[in-house]
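Enquirer: This is query-v8.cif, which holds mmCIF, C-alpha atoms:
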```cif
data_entry
#
loop_
_atom_site.label_atom_id
_atom_site.label_comp_id
_atom_site.auth_asym_id
_atom_site.auth_seq_id
_atom_site.Cartn_x
_atom_site.Cartn_y
_atom_site.Cartn_z
CA MET A 1254 47.14 -17.92 63.81
CA ALA A 1255 50.84 -17.56 63.54
CA ASN A 1256 52.89 -16.87 66.61
CA TYR A 1257 55.60 -14.18 66.49
CA ILE A 1258 58.53 -14.07 68.83
CA GLU A 1259 60.19 -10.64 69.46
CA ILE A 1260 63.93 -10.83 69.90
CA ALA A 1261 65.43 -7.96 71.91
CA GLU A 1262 68.16 -6.13 70.08
CA PRO A 1263 71.39 -5.76 72.12
CA ALA A 1264 72.20 -2.20 73.43
CA ARG A 1265 74.70 -0.32 71.31
CA PRO A 1266 77.38 1.87 72.91
CA LYS A 1267 76.82 5.62 72.48
CA PRO A 1268 79.32 7.23 70.05
CA ARG A 1269 81.89 9.59 71.69
CA PRO A 1270 81.71 13.17 70.38
CA ALA A 1271 84.41 13.94 67.85
CA PHE A 1272 85.61 17.10 69.62
CA GLN A 1273 86.08 15.43 73.00
CA GLN A 1274 89.65 14.32 73.58
CA PRO A 1275 90.59 11.82 76.09
CA GLN A 1276 91.82 13.46 79.23
CA ASP A 1277 95.44 13.01 80.15
CA PRO A 1278 95.61 11.88 83.72
CA ARG A 1279 99.09 13.45 84.04
CA PRO A 1280 99.27 17.02 85.51
CA LYS A 1281 99.87 19.95 83.12
CA LYS A 1282 103.33 21.61 82.97
CA GLY A 1283 103.54 25.43 83.44
CA LYS A 1284 104.31 27.78 80.54
CA TRP A 1285 106.90 29.68 82.57
CA TRP A 1286 109.50 29.69 79.76
CA ILE A 1287 107.24 31.92 77.60
CA TRP A 1288 107.24 34.61 80.32
CA VAL A 1289 111.01 34.37 80.66
CA ILE A 1290 111.47 35.05 76.93
CA PHE A 1291 109.02 37.99 77.05
CA LEU A 1292 110.79 39.59 80.06
CA ALA A 1293 114.18 39.20 78.35
CA LEU A 1294 112.88 41.00 75.25
CA VAL A 1295 111.53 43.89 77.36
CA LEU A 1296 114.79 44.32 79.29
CA GLY A 1297 116.78 44.16 76.07
CA GLY A 1298 114.68 46.90 74.52
CA ILE A 1299 115.12 49.14 77.56
CA TRP A 1300 118.88 48.60 77.54
CA TYR A 1301 119.08 49.46 73.83
CA TYR A 1302 117.18 52.74 74.11
CA THR A 1303 119.16 53.90 77.15
CA HIS A 1304 122.59 53.04 75.69
CA ARG A 1305 122.19 54.01 72.07
CA THR A 1306 124.41 56.80 70.67
CA PRO A 1307 123.21 60.22 69.43
CA ALA A 1308 123.67 58.94 65.88
CA GLU A 1309 121.35 55.99 66.51
CA GLY A 1310 118.82 58.36 68.13
CA ALA A 1311 118.89 60.58 65.09
CA ALA A 1312 118.50 57.55 62.85
CA SER A 1313 115.47 56.29 64.78
CA ALA A 1314 113.89 59.75 64.63
CA SER A 1315 114.24 59.76 60.84
CA GLY A 1316 112.70 56.34 60.38
CA GLY A 1317 115.67 54.04 61.02
CA GLY A 1318 118.58 52.77 58.93
CA LYS A 1319 119.00 54.14 55.45
CA ARG A 1320 115.29 54.58 54.96
CA GLY A 1321 115.50 58.32 55.77
CA GLY A 1322 117.54 58.98 52.66
CA ALA A 1323 116.01 56.37 50.47
CA GLY A 1324 113.50 58.83 49.13
CA GLY A 1325 116.08 61.51 48.24
CA PRO A 1326 117.79 64.43 49.99
CA VAL A 1327 116.26 65.73 53.22
CA PRO A 1328 115.09 69.38 53.02
CA VAL A 1329 116.59 71.49 55.83
CA VAL A 1330 117.07 75.12 56.81
CA ALA A 1331 120.72 76.08 57.19
CA GLY A 1332 122.56 78.68 59.24
CA THR A 1333 126.16 79.83 59.34
CA VAL A 1334 128.61 79.85 62.23
CA MET A 1335 129.43 83.53 62.78
CA GLN A 1336 131.94 85.44 64.90
CA LYS A 1337 131.04 88.54 66.88
CA ASP A 1338 131.34 90.19 70.30
CA VAL A 1339 128.86 88.71 72.76
CA PRO A 1340 128.02 90.51 76.02
CA ILE A 1341 127.44 88.06 78.86
CA TYR A 1342 124.62 88.99 81.20
CA LEU A 1343 123.22 87.62 84.42
CA GLU A 1344 119.47 87.99 84.51
CA GLY A 1345 117.26 88.54 87.53
CA ILE A 1346 113.86 89.97 88.36
CA GLY A 1347 113.49 93.06 90.52
CA THR A 1348 111.31 95.94 91.58
CA ILE A 1349 111.77 99.65 90.97
CA GLN A 1350 111.98 101.67 94.18
CA ALA A 1351 112.15 105.44 94.65
CA LEU A 1352 115.26 106.73 96.39
CA ASN A 1353 113.06 109.07 98.46
CA THR A 1354 109.34 109.07 99.18
CA VAL A 1355 107.81 111.69 101.50
CA THR A 1356 104.28 112.01 102.87
CA VAL A 1357 103.82 115.76 103.34
CA HIS A 1358 102.12 116.72 106.62
CA THR A 1359 101.15 120.11 107.98
CA ARG A 1360 103.14 121.09 111.09
CA VAL A 1361 100.45 123.39 112.52
CA ASP A 1362 96.72 123.11 113.00
CA GLY A 1363 94.30 125.19 110.98
CA GLN A 1364 92.05 125.45 107.99
CA LEU A 1365 93.48 124.41 104.60
CA GLU A 1366 93.07 127.71 102.83
CA LYS A 1367 94.69 126.86 99.50
CA VAL A 1368 96.04 123.81 97.63
CA ALA A 1369 98.86 125.13 95.44
CA PHE A 1370 99.73 121.99 93.42
CA ASP A 1371 98.16 119.84 90.75
CA GLU A 1372 98.01 116.08 91.13
CA GLY A 1373 100.91 114.47 89.25
CA GLN A 1374 102.86 117.74 89.08
CA ASP A 1375 106.65 117.80 89.13
CA VAL A 1376 107.83 120.01 91.99
CA LYS A 1377 111.17 121.30 93.20
CA ALA A 1378 112.38 121.48 96.77
CA GLY A 1379 110.88 124.65 98.33
CA ASP A 1380 107.89 124.91 95.99
CA THR A 1381 104.64 125.88 97.76
CA LEU A 1382 102.19 122.99 98.07
CA ALA A 1383 99.50 124.38 100.39
CA ILE A 1384 98.67 127.35 102.61
CA ILE A 1385 97.05 127.13 106.06
CA ASP A 1386 94.95 130.04 107.39
CA GLN A 1387 97.60 132.49 108.65
CA ALA A 1388 95.44 134.92 110.68
CA PRO A 1389 95.80 133.20 114.08
CA PHE A 1390 99.55 132.86 113.66
CA LYS A 1391 99.99 136.47 112.60
CA ALA A 1392 98.11 137.58 115.74
CA ALA A 1393 100.28 135.34 117.91
CA LEU A 1394 103.39 136.85 116.34
CA ALA A 1395 102.16 140.40 116.96
CA GLN A 1396 101.42 139.55 120.59
CA ALA A 1397 104.88 138.09 121.10
CA GLN A 1398 106.52 141.12 119.51
CA ALA A 1399 104.51 143.50 121.75
CA LYS A 1400 105.54 141.60 124.85
CA LEU A 1401 109.13 141.77 123.70
CA LYS A 1402 108.93 145.56 123.34
CA GLN A 1403 107.40 145.93 126.79
CA ASP A 1404 110.10 143.92 128.49
CA GLN A 1405 112.82 145.56 126.41
CA ALA A 1406 111.70 148.98 127.71
CA GLN A 1407 111.90 147.75 131.28
CA LEU A 1408 115.35 146.36 130.61
CA ASN A 1409 116.53 149.68 129.21
CA ASN A 1410 115.23 151.56 132.27
CA ALA A 1411 116.89 149.08 134.63
CA ARG A 1412 120.19 149.52 132.82
CA LEU A 1413 120.01 153.32 133.19
CA ASP A 1414 119.38 152.98 136.93
CA TYR A 1415 122.23 150.51 137.14
CA ASP A 1416 124.62 152.99 135.53
CA ARG A 1417 123.51 155.71 138.02
CA TYR A 1418 123.94 153.35 140.95
CA ALA A 1419 127.45 152.57 139.81
CA ASP A 1420 128.46 156.25 140.20
CA LEU A 1421 126.61 156.63 143.49
CA VAL A 1422 128.12 153.60 145.08
CA LYS A 1423 131.60 154.93 144.27
CA LYS A 1424 130.72 158.14 146.14
CA ASN A 1425 129.25 156.14 148.99
CA VAL A 1426 125.86 157.77 148.44
CA ILE A 1427 124.07 154.40 148.29
CA SER A 1428 124.92 151.11 149.81
CA SER A 1429 126.45 148.22 147.95
CA GLN A 1430 123.29 146.24 148.56
CA GLN A 1431 121.21 148.65 146.50
CA TYR A 1432 123.77 148.46 143.72
CA ASP A 1433 123.72 144.65 143.73
CA THR A 1434 119.93 144.61 143.73
CA GLN A 1435 119.81 146.82 140.65
CA LYS A 1436 122.39 144.63 138.97
CA ALA A 1437 120.22 141.55 139.58
CA LEU A 1438 117.16 143.39 138.26
CA VAL A 1439 118.98 144.12 135.01
CA ALA A 1440 119.89 140.44 134.64
CA GLN A 1441 116.27 139.49 135.33
CA PHE A 1442 114.95 141.78 132.58
CA GLU A 1443 117.63 140.48 130.19
CA GLY A 1444 116.28 136.95 130.78
CA THR A 1445 112.74 138.13 130.21
CA VAL A 1446 113.70 139.84 126.97
CA GLY A 1447 115.51 136.71 125.84
CA ASN A 1448 112.42 134.64 126.51
CA ASP A 1449 110.28 137.16 124.64
CA SER A 1450 112.69 137.04 121.68
CA ALA A 1451 112.36 133.23 121.58
CA ALA A 1452 108.58 133.55 121.66
CA VAL A 1453 108.75 135.91 118.70
CA GLU A 1454 110.93 133.45 116.77
CA SER A 1455 108.54 130.60 117.63
CA ALA A 1456 105.61 132.63 116.37
CA LYS A 1457 107.50 133.37 113.16
CA VAL A 1458 108.26 129.67 112.68
CA ASN A 1459 104.62 128.72 113.17
CA LEU A 1460 103.61 131.42 110.73
CA ASN A 1461 106.11 130.04 108.21
CA TYR A 1462 104.68 126.54 108.72
CA THR A 1463 101.35 127.78 107.43
CA THR A 1464 102.99 127.69 104.00
CA VAL A 1465 103.63 124.01 103.24
CA VAL A 1466 106.55 123.52 100.85
CA SER A 1467 108.03 120.49 99.08
CA PRO A 1468 110.99 118.96 100.94
CA LEU A 1469 112.53 117.43 97.76
CA ASP A 1470 112.43 117.31 93.99
CA GLY A 1471 109.83 114.84 92.86
CA ARG A 1472 106.33 114.26 91.58
CA THR A 1473 103.14 114.72 93.57
CA GLY A 1474 100.60 111.96 93.84
CA ILE A 1475 96.86 112.08 94.37
CA ARG A 1476 95.68 114.82 96.74
CA LEU A 1477 94.75 113.39 100.14
CA VAL A 1478 92.94 116.44 101.62
CA ASP A 1479 90.68 118.93 99.88
CA GLN A 1480 90.79 122.66 100.29
CA GLY A 1481 88.69 124.05 103.16
CA ASN A 1482 89.22 121.14 105.57
CA ILE A 1483 90.67 121.59 109.04
CA VAL A 1484 94.05 119.87 109.19
CA HIS A 1485 96.16 118.94 112.18
CA ALA A 1486 99.79 118.15 112.68
CA ALA A 1487 98.78 114.78 114.17
CA ASP A 1488 96.81 113.66 111.07
CA GLN A 1489 97.99 110.27 109.77
CA ASN A 1490 97.20 110.67 106.08
CA GLY A 1491 99.00 113.92 105.34
CA LEU A 1492 98.33 116.23 102.43
CA VAL A 1493 100.08 114.47 99.52
CA VAL A 1494 102.83 111.95 98.81
CA ILE A 1495 105.87 113.14 96.84
CA THR A 1496 108.07 110.55 95.14
CA GLN A 1497 111.53 111.12 93.69
CA LEU A 1498 111.59 109.67 90.17
CA HIS A 1499 115.11 110.48 89.04
CA PRO A 1500 117.47 109.10 89.92
CA ILE A 1501 115.69 105.90 90.84
CA SER A 1502 116.77 102.50 92.12
CA LEU A 1503 116.20 98.88 91.11
CA ILE A 1504 116.33 96.11 93.72
CA PHE A 1505 116.82 92.67 92.16
CA THR A 1506 118.07 89.23 93.12
CA LEU A 1507 120.47 86.70 91.61
CA PRO A 1508 121.41 83.16 92.65
CA GLU A 1509 124.19 83.03 95.21
CA GLN A 1510 126.38 81.19 92.66
CA SER A 1511 126.68 84.49 90.78
CA LEU A 1512 128.39 86.30 93.65
CA THR A 1513 131.91 85.05 92.88
CA SER A 1514 131.65 86.04 89.21
CA ILE A 1515 130.34 89.49 90.13
CA HIS A 1516 133.24 90.15 92.52
CA GLN A 1517 135.79 88.88 90.00
CA GLU A 1518 134.46 90.94 87.10
CA THR A 1519 134.11 94.06 89.27
CA ALA A 1520 137.74 93.76 90.35
CA ALA A 1521 138.88 93.08 86.78
CA ALA A 1522 136.90 95.98 85.29
CA GLY A 1523 137.96 98.46 87.98
CA HIS A 1524 134.59 100.19 87.92
CA GLU A 1525 130.94 99.52 88.66
CA LEU A 1526 129.20 96.94 86.49
CA SER A 1527 126.41 98.08 84.18
CA VAL A 1528 122.81 96.99 84.67
CA VAL A 1529 120.20 97.14 81.91
CA ALA A 1530 116.55 97.47 82.89
CA VAL A 1531 114.41 95.46 80.46
CA ASP A 1532 110.64 95.39 80.15
CA ARG A 1533 108.54 92.34 80.99
CA ASP A 1534 108.85 91.11 77.39
CA ASN A 1535 112.59 90.64 78.12
CA LYS A 1536 113.44 92.55 74.93
CA THR A 1537 112.61 96.24 75.29
CA LYS A 1538 115.43 98.21 76.90
CA LEU A 1539 114.15 100.85 79.32
CA ASP A 1540 117.31 102.36 80.84
CA THR A 1541 120.93 101.63 81.72
CA GLY A 1542 122.39 102.18 85.18
CA ASP A 1543 125.19 101.10 87.48
CA LEU A 1544 125.39 98.44 90.16
CA LYS A 1545 125.80 100.34 93.45
CA VAL A 1546 125.17 97.93 96.30
CA ILE A 1547 125.58 94.19 96.92
CA ASP A 1548 123.71 93.16 100.04
CA ASN A 1549 125.88 92.09 102.97
CA GLN A 1550 124.25 88.67 103.36
CA ILE A 1551 122.65 85.89 101.35
CA ASP A 1552 119.02 85.01 101.91
CA ILE A 1553 119.31 81.44 103.21
CA THR A 1554 115.64 80.69 102.55
CA THR A 1555 115.93 81.30 98.80
CA GLY A 1556 119.67 81.04 98.19
CA THR A 1557 119.75 84.44 96.50
CA ILE A 1558 121.72 87.65 96.90
CA LYS A 1559 120.05 91.07 96.73
CA LEU A 1560 121.58 93.86 94.62
CA LYS A 1561 120.76 97.52 94.03
CA ALA A 1562 121.30 99.50 90.84
CA ILE A 1563 120.80 103.24 90.27
CA PHE A 1564 119.35 104.70 87.04
CA ASP A 1565 119.14 108.34 85.92
CA ASN A 1566 115.64 107.67 84.56
CA LYS A 1567 115.68 110.85 82.48
CA ASP A 1568 112.91 109.57 80.22
CA LEU A 1569 110.85 108.33 83.21
CA MET A 1570 110.61 104.83 81.76
CA LEU A 1571 111.01 103.36 85.24
CA TRP A 1572 108.26 103.74 87.84
CA PRO A 1573 108.19 102.87 91.54
CA GLY A 1574 106.67 99.46 92.16
CA GLN A 1575 107.28 98.30 88.58
CA PHE A 1576 108.51 94.73 88.02
CA ILE A 1577 111.60 94.74 85.82
CA ASN A 1578 113.99 92.22 84.28
CA ALA A 1579 117.50 93.19 85.34
CA HIS A 1580 120.42 92.27 83.04
CA LEU A 1581 123.74 92.60 84.84
CA LEU A 1582 126.59 92.88 82.32
CA LEU A 1583 129.45 90.72 83.55
CA THR A 1584 131.80 90.93 80.58
CA THR A 1585 131.93 90.85 76.78
CA ARG A 1586 133.30 87.84 74.93
CA LYS A 1587 135.32 89.21 72.02
CA ASN A 1588 135.01 87.43 68.64
CA GLY A 1589 132.87 84.63 70.02
CA LEU A 1590 131.41 81.89 67.80
CA VAL A 1591 127.62 81.96 67.62
CA VAL A 1592 124.97 79.81 65.95
CA PRO A 1593 121.17 79.99 66.06
CA ALA A 1594 120.00 78.51 69.35
CA SER A 1595 117.55 76.18 67.56
CA THR A 1596 120.57 74.48 65.98
CA ILE A 1597 121.68 72.98 69.30
CA GLN A 1598 120.34 69.54 70.18
CA ARG A 1599 120.79 67.45 73.29
CA GLY A 1600 121.68 63.76 73.30
CA PRO A 1601 122.79 61.21 75.89
CA ASN A 1602 126.40 62.33 75.47
CA GLY A 1603 125.72 66.05 75.62
CA THR A 1604 124.97 68.79 73.11
CA TYR A 1605 125.50 68.39 69.37
CA VAL A 1606 124.60 69.96 66.02
CA PHE A 1607 124.29 68.72 62.46
CA VAL A 1608 126.97 70.26 60.24
CA ILE A 1609 126.41 70.40 56.46
CA LYS A 1610 129.59 69.28 54.72
CA ASP A 1611 130.74 70.33 51.26
CA ASP A 1612 129.25 67.18 49.68
CA GLN A 1613 125.82 68.20 51.06
CA THR A 1614 125.74 65.46 53.68
CA ALA A 1615 124.96 65.87 57.36
CA GLU A 1616 127.61 65.27 60.00
CA LEU A 1617 126.72 64.92 63.68
CA ARG A 1618 129.17 67.12 65.63
CA GLU A 1619 129.40 67.23 69.42
CA ILE A 1620 129.95 70.79 70.75
CA LYS A 1621 130.38 72.66 74.00
CA VAL A 1622 127.99 75.53 74.69
CA ALA A 1623 129.08 78.54 76.80
CA ARG A 1624 127.21 78.85 80.08
CA THR A 1625 127.08 81.37 82.91
CA ALA A 1626 127.89 80.62 86.54
CA ASN A 1627 124.19 79.87 87.01
CA GLY A 1628 124.30 77.15 84.35
CA ASP A 1629 122.31 79.18 81.82
CA ILE A 1630 123.25 79.13 78.15
CA VAL A 1631 124.90 82.35 76.97
CA GLN A 1632 122.45 83.46 74.31
CA THR A 1633 122.10 86.71 72.39
CA ASP A 1634 118.89 88.64 72.02
CA ASP A 1635 118.84 87.61 68.36
CA GLY A 1636 118.47 83.96 69.34
CA ASP A 1637 122.12 82.99 68.84
CA ALA A 1638 123.98 80.78 71.31
CA LEU A 1639 127.68 81.21 72.16
CA ILE A 1640 129.81 78.12 71.37
CA GLU A 1641 132.98 77.28 73.29
CA ASN A 1642 134.37 74.69 70.84
CA GLY A 1643 133.43 72.12 68.22
CA LEU A 1644 132.70 74.50 65.32
CA ALA A 1645 134.61 76.84 63.04
CA VAL A 1646 133.69 80.18 61.48
CA GLY A 1647 131.82 79.82 58.19
CA GLU A 1648 130.59 76.25 58.70
CA LYS A 1649 126.97 75.60 57.81
CA VAL A 1650 124.72 74.02 60.40
CA VAL A 1651 121.17 72.72 60.28
CA VAL A 1652 118.76 75.15 61.93
CA ASP A 1653 115.51 73.33 61.11
CA GLY A 1654 114.76 69.81 59.94
CA GLN A 1655 117.05 67.89 62.32
CA TYR A 1656 114.37 65.35 63.19
CA LYS A 1657 114.63 63.89 59.68
CA LEU A 1658 118.40 63.56 59.69
CA GLN A 1659 120.91 60.90 60.51
CA PRO A 1660 124.69 61.06 60.08
CA GLY A 1661 125.54 60.86 56.39
CA SER A 1662 122.09 61.85 55.14
CA LYS A 1663 121.97 63.86 51.94
CA VAL A 1664 120.43 67.29 52.47
CA VAL A 1665 119.00 70.03 50.32
CA ILE A 1666 118.99 73.55 51.76
CA GLY A 1667 115.60 75.22 51.55
CA PRO A 1668 114.18 78.60 52.62
CA ALA A 1669 113.51 79.39 56.28
CA GLY A 1670 110.02 78.63 57.53
CA GLY A 1671 109.62 75.51 55.39
CA GLY A 1672 109.08 73.34 58.42
CA LYS A 1673 109.32 73.19 62.15
CA SER A 1674 111.66 70.73 63.73
CA GLY A 1675 110.11 71.22 67.13
CA ALA A 1676 113.49 70.58 68.71
CA PRO A 1677 114.33 73.09 71.41
CA ALA A 1678 117.80 74.40 71.98
CA ALA A 1679 119.94 72.60 74.50
CA GLY A 1680 119.08 73.55 78.02
CA GLU A 1681 115.75 75.14 77.08
CA LYS A 1682 112.18 74.07 77.40
CA PRO A 1683 110.12 73.71 74.22
CA GLY A 1684 108.80 77.02 73.04
CA ALA A 1685 111.20 78.95 75.27
CA HIS A 1686 113.53 80.32 72.60
CA GLY A 1687 114.58 83.88 73.35
CA LYS A 1688 113.19 83.71 76.91
CA SER A 1689 115.91 81.83 78.75
CA HIS A 1690 118.26 83.58 81.15
CA LYS A 1691 121.18 84.10 78.80
CA GLY A 1692 123.64 86.69 77.74
CA SER A 1693 122.30 89.21 75.29
CA SER A 1694 123.97 91.00 72.43
CA GLU A 1695 122.22 94.34 72.07
CA LEU A 1696 118.81 94.90 73.56
CA LYS A 1697 116.43 96.88 71.45
#
```
Transcribe the structure of this file into structure tokens.

Expert:
Amino acid sequence: MANYIEIAEPARPKPRPAFQQPQDPRPKKGKWWIWVIFLALVLGGIWYYTHRTPAEGAASASGGGKRGGAGGPVPVVAGTVMQKDVPIYLEGIGTIQALNTVTVHTRVDGQLEKVAFDEGQDVKAGDTLAIIDQAPFKAALAQAQAKLKQDQAQLNNARLDYDRYADLVKKNVISSQQYDTQKALVAQFEGTVGNDSAAVESAKVNLNYTTVVSPLDGRTGIRLVDQGNIVHAADQNGLVVITQLHPISLIFTLPEQSLTSIHQETAAAGHELSVVAVDRDNKTKLDTGDLKVIDNQIDITTGTIKLKAIFDNKDLMLWPGQFINAHLLLTTRKNGLVVPASTIQRGPNGTYVFVIKDDQTAELREIKVARTANGDIVQTDDGDALIENGLAVGEKVVVDGQYKLQPGSKVVIGPAGGGKSGAPAAGEKPGAHGKSHKGSSELK
């Protein structure tokens, strides 16, 4: 039998995985330089956007560089710089108040026999409103008159005796004491008659008070007491409230910065300034009145001054308690330059517009807009803004489509309503056109 000898095979080293890299015993270095570069780029971008010019802003809004005009002319809506008289108003909010309001009370106690007015009726001073039961007051008057007659008869008799005593005392038939006593009796009856006469007049007054009359011209409100009730002079509610509707007053407020302009324009005009009462829509004219009172102090809590205007209110368009927009006419700018308010844009350097030149290219033009003492843009009711300088009469400006433009862009003028730029006028909030506190041309 053959003998076999097994020879042990030497151990082979295990292969190292291909993906495993030998570890570097040296420590890793930080990647701090990458963060430095990133921070520098961010700061550079912020600096660029805060220091770029209006022209660069317009270019970025249109897509940047020459790309906005690469596809052809930009369609825009154009307007024309016009010249016209522009009234300058200060606008405030106020409340209509009646010049006189009276709660009619009865001045005597009794049963309400008749209500002689209709609710909401216009009455004149002296018109009968109600009648109180007159029977007790007529009886009191008759009693006072009877007492007056009784005492008057006694006075007449005392006077006759006094005349007789005067002759007798001269003849020494009676003593002087009797004569003086009769004289005092006459004076006593004269006092009694005077008291009776006053009682008669008092009874007549009370009888007259049973007929309740209107103390002023005005309009009655809702009846407070029904016919047949017992009324008293001490009742708190009264019979009816009468309110004077014309003339009528408007109490409104303006910022204290307006006070100097108001005083200056009042002195320059030489007469009271006009105030236009406008409905809550800030468009509908209700009435025109005059500024009558400027309050003697400024409200330090709100920084406003209170003013009072008086209106004839012939058409009764103003009603007590009604909230009203008050437009105080300061002055009228003659031959002022106006453009549509949507034309005006605001950039880092102020307000500007895009002017359409003769070669149908857009030019960015910085302008100055007229403002009131309150800082509000002077704007007409038609949506036009008053321009101080920067434009000339007849120039064409871009009303809509500015967001696509950059200086030098070719434009093509299209019809109104072709697009919405969404750019509000300078100094206004988006969607606030026609609602800012501006001057107004002619309110409708």

Enquirer: Pick the closest to Leu1492 in chain A from A:Phe1370, A:Phe1607, A:Tyr1301, A:Trp1285: which is it, counting all atoms listed in the file?

Expert: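 Of the candidates, the smallest distance to Leu1492 in chain A is held by A:Phe1370.
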
Enquirer: List the residues selected by the PyMOL selection byres ((chain A and resi 1590) around 6) in the file shown, writing them as an MDAnalysis selection string.

Expert: chainID A and resid 1335:1336 1589 1591 1639:1640

Enquirer: Just C-alpha atoms for this one: save the residues we selected as a short mmCIF file (atom, residue, chain, number, x, y, z; two decimals), in the coordinates of the input.

Expert:
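That gives us result21.cif:
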```cif
data_model
loop_
_atom_site.label_atom_id
_atom_site.label_comp_id
_atom_site.auth_asym_id
_atom_site.auth_seq_id
_atom_site.Cartn_x
_atom_site.Cartn_y
_atom_site.Cartn_z
CA MET A 1335 129.43 83.53 62.78
CA GLN A 1336 131.94 85.44 64.90
CA GLY A 1589 132.87 84.63 70.02
CA VAL A 1591 127.62 81.96 67.62
CA LEU A 1639 127.68 81.21 72.16
CA ILE A 1640 129.81 78.12 71.37
#
```

Enquirer: Apply the PyMOL selection byres ((chain A and resi 1385) around 8) to the file shown and report the selected residues as a ChimeraX atom specification.

Expert: /A:1363-1367,1383-1384,1386-1387,1463-1465

Enquirer: How far is it from CA of Gln1550 in chain A to CA of Ser1511 in chain A, in Å with one decimal?

Expert: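 Separation between CA of Gln1550 in chain A and CA of Ser1511 in chain A: 13.5 Å.
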
Enquirer: I need the residue set behind the PyMOL selection byres ((chain A and resi 1622) around 9) for this file; please write it as a list in words.

Expert: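 Here the PyMOL selection byres ((chain A and resi 1622) around 9) matches Ile1597, Thr1604, Ile1620, Lys1621, Ala1623, Arg1624, Ile1630, Val1631, Ala1638, Leu1639, Ile1640, Glu1641, Asn1642 and Ala1679 of chain A.
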
Enquirer: Can you pull out the residues contacting Val1458 in chain A? Cut-off 12 Å, using all atoms listed in the file, and skip same-chain residues under 4 positions away; I want them as a PyMOL selection string.

Expert: chain A and resi 1360-1361+1387+1390-1391+1393-1394+1451-1454+1462-1465
